[in-house]
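Below is one structure, written out as C-alpha cells; the observations come after it.
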Amino acid sequence: MRHPSRAAKALIAAAVLPLALTACSSATGTSASSATAKKPSKDPDAGLLTGAQLKKALAPASFFASGFAVDPSAARDSGTTYTAPSSSPAAKPDCTLLGGTSWIAITGESGVSFAQNDYVSKATSEDIAQEIDTFRGTTAAKVMADLKKAVAACATYTDADTHTKVKVVGADTTGLGDAAYTITLTNSAWQNGSTLIAAQSGTDVVTVLSTDGHDNGAATAKKLTARIVTSLKGEHEHA
C-alpha cells in the first residue's frame, strides 16, 4: 500500500484541525441552546397577592354600622402561600349557592388565594359578607363571564328555609373596578332582599353580599365593593 508523504500528512492534519474546531464550536452552541431551552418558565403566581395580603384589603370593623360584629367562624384566608387553581364548571349551576356568603363558587372556578369574613347584626340578623379571590392570567375575566351565564340559568331557585321561590335578577354595573355585575335576590317571604356584587380588579375578583337596609342591601353592597376595590389597588402598589 502506498503511504502519504510527510508533507501530505501535514496538509491532512491542517485540514482536519479546522473541522475539529468547527465541530467543537457547533457542540458548544448546541449545549448553550439546550441550556436556554431548559430555562425554567416564569412563576405563574408572580405579582399575585397572597391571602394574607388580601385580608388587609377587606373592609375593617370600623366600616360597618354599630351593632354589626364579625362572625369568627366565617373569617378565613389562604395565608402566605398559593394553592393550585381548579376549574369544575357544572353543566347546570347550583342556583342555591347564590344564597350563601361564598356565592362565587357557582362559577366552578377556584383561585390561588383568597380572604373573606362576614359581619352580622345581632339585633336584626342583617348580614354583610365580603370576599376577595385571586386568579392567574385572564381567569378573573372568565369568572365574571361564567357568573353571568350562571345567573342567566338561575331565574329562580327555592329557598331552603322558607321553601318559597327566590327571584334572581342580574345586571352589569359601572364604576366598580374593571367590570362589575350586580345580582338582586328577592322573595315575598323575606322582610328584605339581598344584593350581591362581583367586581373584577385586575387578577382579583371582589364579591360582597348585603341584606343591610331597606333597599335589598343595595347601597351597602355598592359602598363596600368600592371600598375593597380601592384598598386592593393600594395593596398591589405596596406588594
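Here's how to read the names in the C-alpha cells: chain A, B, ... by the order shown, residue numbers from 1 in each chain, ligand numbers from 1 in the order shown.
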
- Message: Considering only helix (DSSP H, G or I) as DSSP defines it on the backbone, what residues of region 29-202 of chain A qualify? List them as a VMD selection string.
- Response: chain A and resid 29 to 37 51 to 57 61 to 63 72 to 74 95 to 99 103 to 107 139 to 152

Closest contacts (region 39-130 of chain A/region 188-212 of chain A, max 8 Å, only C-alpha atoms) as a tab-separated table:
```
residue	atom	partner	partner_atom	distance
A:Leu48	CA	A:Thr203	CA	7.4
A:Thr101	CA	A:Leu209	CA	6.5
A:Ile104	CA	A:Thr207	CA	7.1
A:Glu126	CA	A:Asp212	CA	5.4
A:Asp127	CA	A:Thr211	CA	5.4
A:Ile128	CA	A:Ser210	CA	4.5
A:Ala129	CA	A:Leu209	CA	5.0
A:Gln130	CA	A:Val208	CA	4.5
```

- Message: For Ala84 (chain A), find every residue with an atom within 12 Å (counting only C-alpha atoms), except residues of its own chain fewer than 6 positions away, and show them as number ranges by chain.
- Response: A: 44-45, 78, 109-113, 134-136

Take the residues that were just selected and, keeping N, CA and C atoms, output them as a compact mmCIF listing (two decimals), in the first residue's frame.
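Resulting contents of again.txt:
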```
# COMPACT_ATOMS: atom_id res chain seq x y z
N PRO A 44 -46.08 31.36 37.62
CA PRO A 44 -47.44 31.77 37.27
C PRO A 44 -48.13 32.60 38.35
N ASP A 45 -47.56 32.57 39.57
CA ASP A 45 -48.15 33.34 40.67
C ASP A 45 -47.43 34.66 40.93
N SER A 78 -56.22 32.26 52.83
CA SER A 78 -55.29 31.22 52.39
C SER A 78 -53.87 31.44 52.88
N GLU A 109 -65.00 27.94 39.52
CA GLU A 109 -63.59 28.31 39.44
C GLU A 109 -63.04 28.63 40.84
N SER A 110 -61.86 28.12 41.14
CA SER A 110 -61.20 28.48 42.39
C SER A 110 -59.84 29.07 42.07
N GLY A 111 -59.45 30.10 42.82
CA GLY A 111 -58.21 30.80 42.54
C GLY A 111 -57.03 30.26 43.31
N VAL A 112 -55.96 31.06 43.36
CA VAL A 112 -54.74 30.64 44.04
C VAL A 112 -54.64 31.21 45.46
N SER A 113 -55.49 32.19 45.77
CA SER A 113 -55.51 32.76 47.12
C SER A 113 -56.85 33.43 47.37
N THR A 134 -58.19 35.59 44.15
CA THR A 134 -57.18 35.95 43.16
C THR A 134 -56.95 34.79 42.20
N PHE A 135 -56.85 35.13 40.91
CA PHE A 135 -56.72 34.12 39.86
C PHE A 135 -55.51 34.40 38.98
N ARG A 136 -55.02 33.36 38.33
CA ARG A 136 -53.90 33.51 37.40
C ARG A 136 -54.37 34.02 36.04
```

- as a list in words, please: all residues of region 50-96 of chain A that backbone DSSP puts in strand (DSSP E or B).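 The residues of region 50-96 of chain A classed as strand (DSSP E or B) are Phe68, Ala69, Val70, Arg76, Asp77, Ser86 and Ser87 of chain A.
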
Using only C-alpha atoms, what does the table of region 45-135 of chain A residues within 12 Å of region 148-153 of chain A look like, with each row giving the shortest atom pair and its distance in Å to one decimal, sorted by chain and ascending number, as a Markdown table?
```
| residue | atom | partner | partner_atom | distance |
| --- | --- | --- | --- | --- |
| A:Pro89 | CA | A:Ala150 | CA | 9.7 |
| A:Ala90 | CA | A:Ala150 | CA | 9.5 |
| A:Ala91 | CA | A:Ala150 | CA | 9.8 |
| A:Lys92 | CA | A:Ala153 | CA | 7.7 |
| A:Pro93 | CA | A:Ala150 | CA | 5.9 |
| A:Asp94 | CA | A:Ala150 | CA | 8.5 |
| A:Cys95 | CA | A:Ala150 | CA | 7.8 |
| A:Thr96 | CA | A:Val151 | CA | 11.0 |
| A:Leu97 | CA | A:Ala150 | CA | 10.6 |
| A:Leu98 | CA | A:Val151 | CA | 9.0 |
| A:Trp103 | CA | A:Ala150 | CA | 11.2 |
| A:Ile104 | CA | A:Ala150 | CA | 10.2 |
| A:Ala105 | CA | A:Ala150 | CA | 10.6 |
| A:Ile106 | CA | A:Ala150 | CA | 7.1 |
| A:Thr107 | CA | A:Ala150 | CA | 6.9 |
| A:Gly108 | CA | A:Ala150 | CA | 10.0 |
```

- Choose the residue, out of A:Ala46, A:Ala140, A:Ala59, A:Ala52, that has the smallest atom-to-atom separation from Ala226 (chain A); count only C-alpha atoms.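 Smallest distance to Ala226 (chain A) is found for A:Ala59.
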
- Item | Residue nearest Lys167 (chain A) - candidates A:Ala115, A:Val143, A:Gly99, A:Gly213, atoms counted: only C-alpha atoms |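 So, comparing all the options, the nearest one is A:Gly99.
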
- Find the residue from A:Asp71, A:Glu237, A:Asp43, A:Asp215 that sits nearest to Ser125 (chain A); use only C-alpha atoms when measuring.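 Result for the nearest residue to Ser125 (chain A): A:Asp71.
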
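Taking CA of Leu176 (chain A) and CA of Lys233 (chain A) as the two end points, the separation is 12.3 Å.
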
- How many Å lie between CA of Ser87 (chain A) and CA of Ile132 (chain A), rounded to one decimal? 17.3 Å

- Message: Quick one: residues within 9 Å of Val70 (chain A), only C-alpha atoms, excluding same-chain residues fewer than 2 positions away - as a VMD selection string?
- Response: chain A and resid 61 68 72 to 75 117 to 121
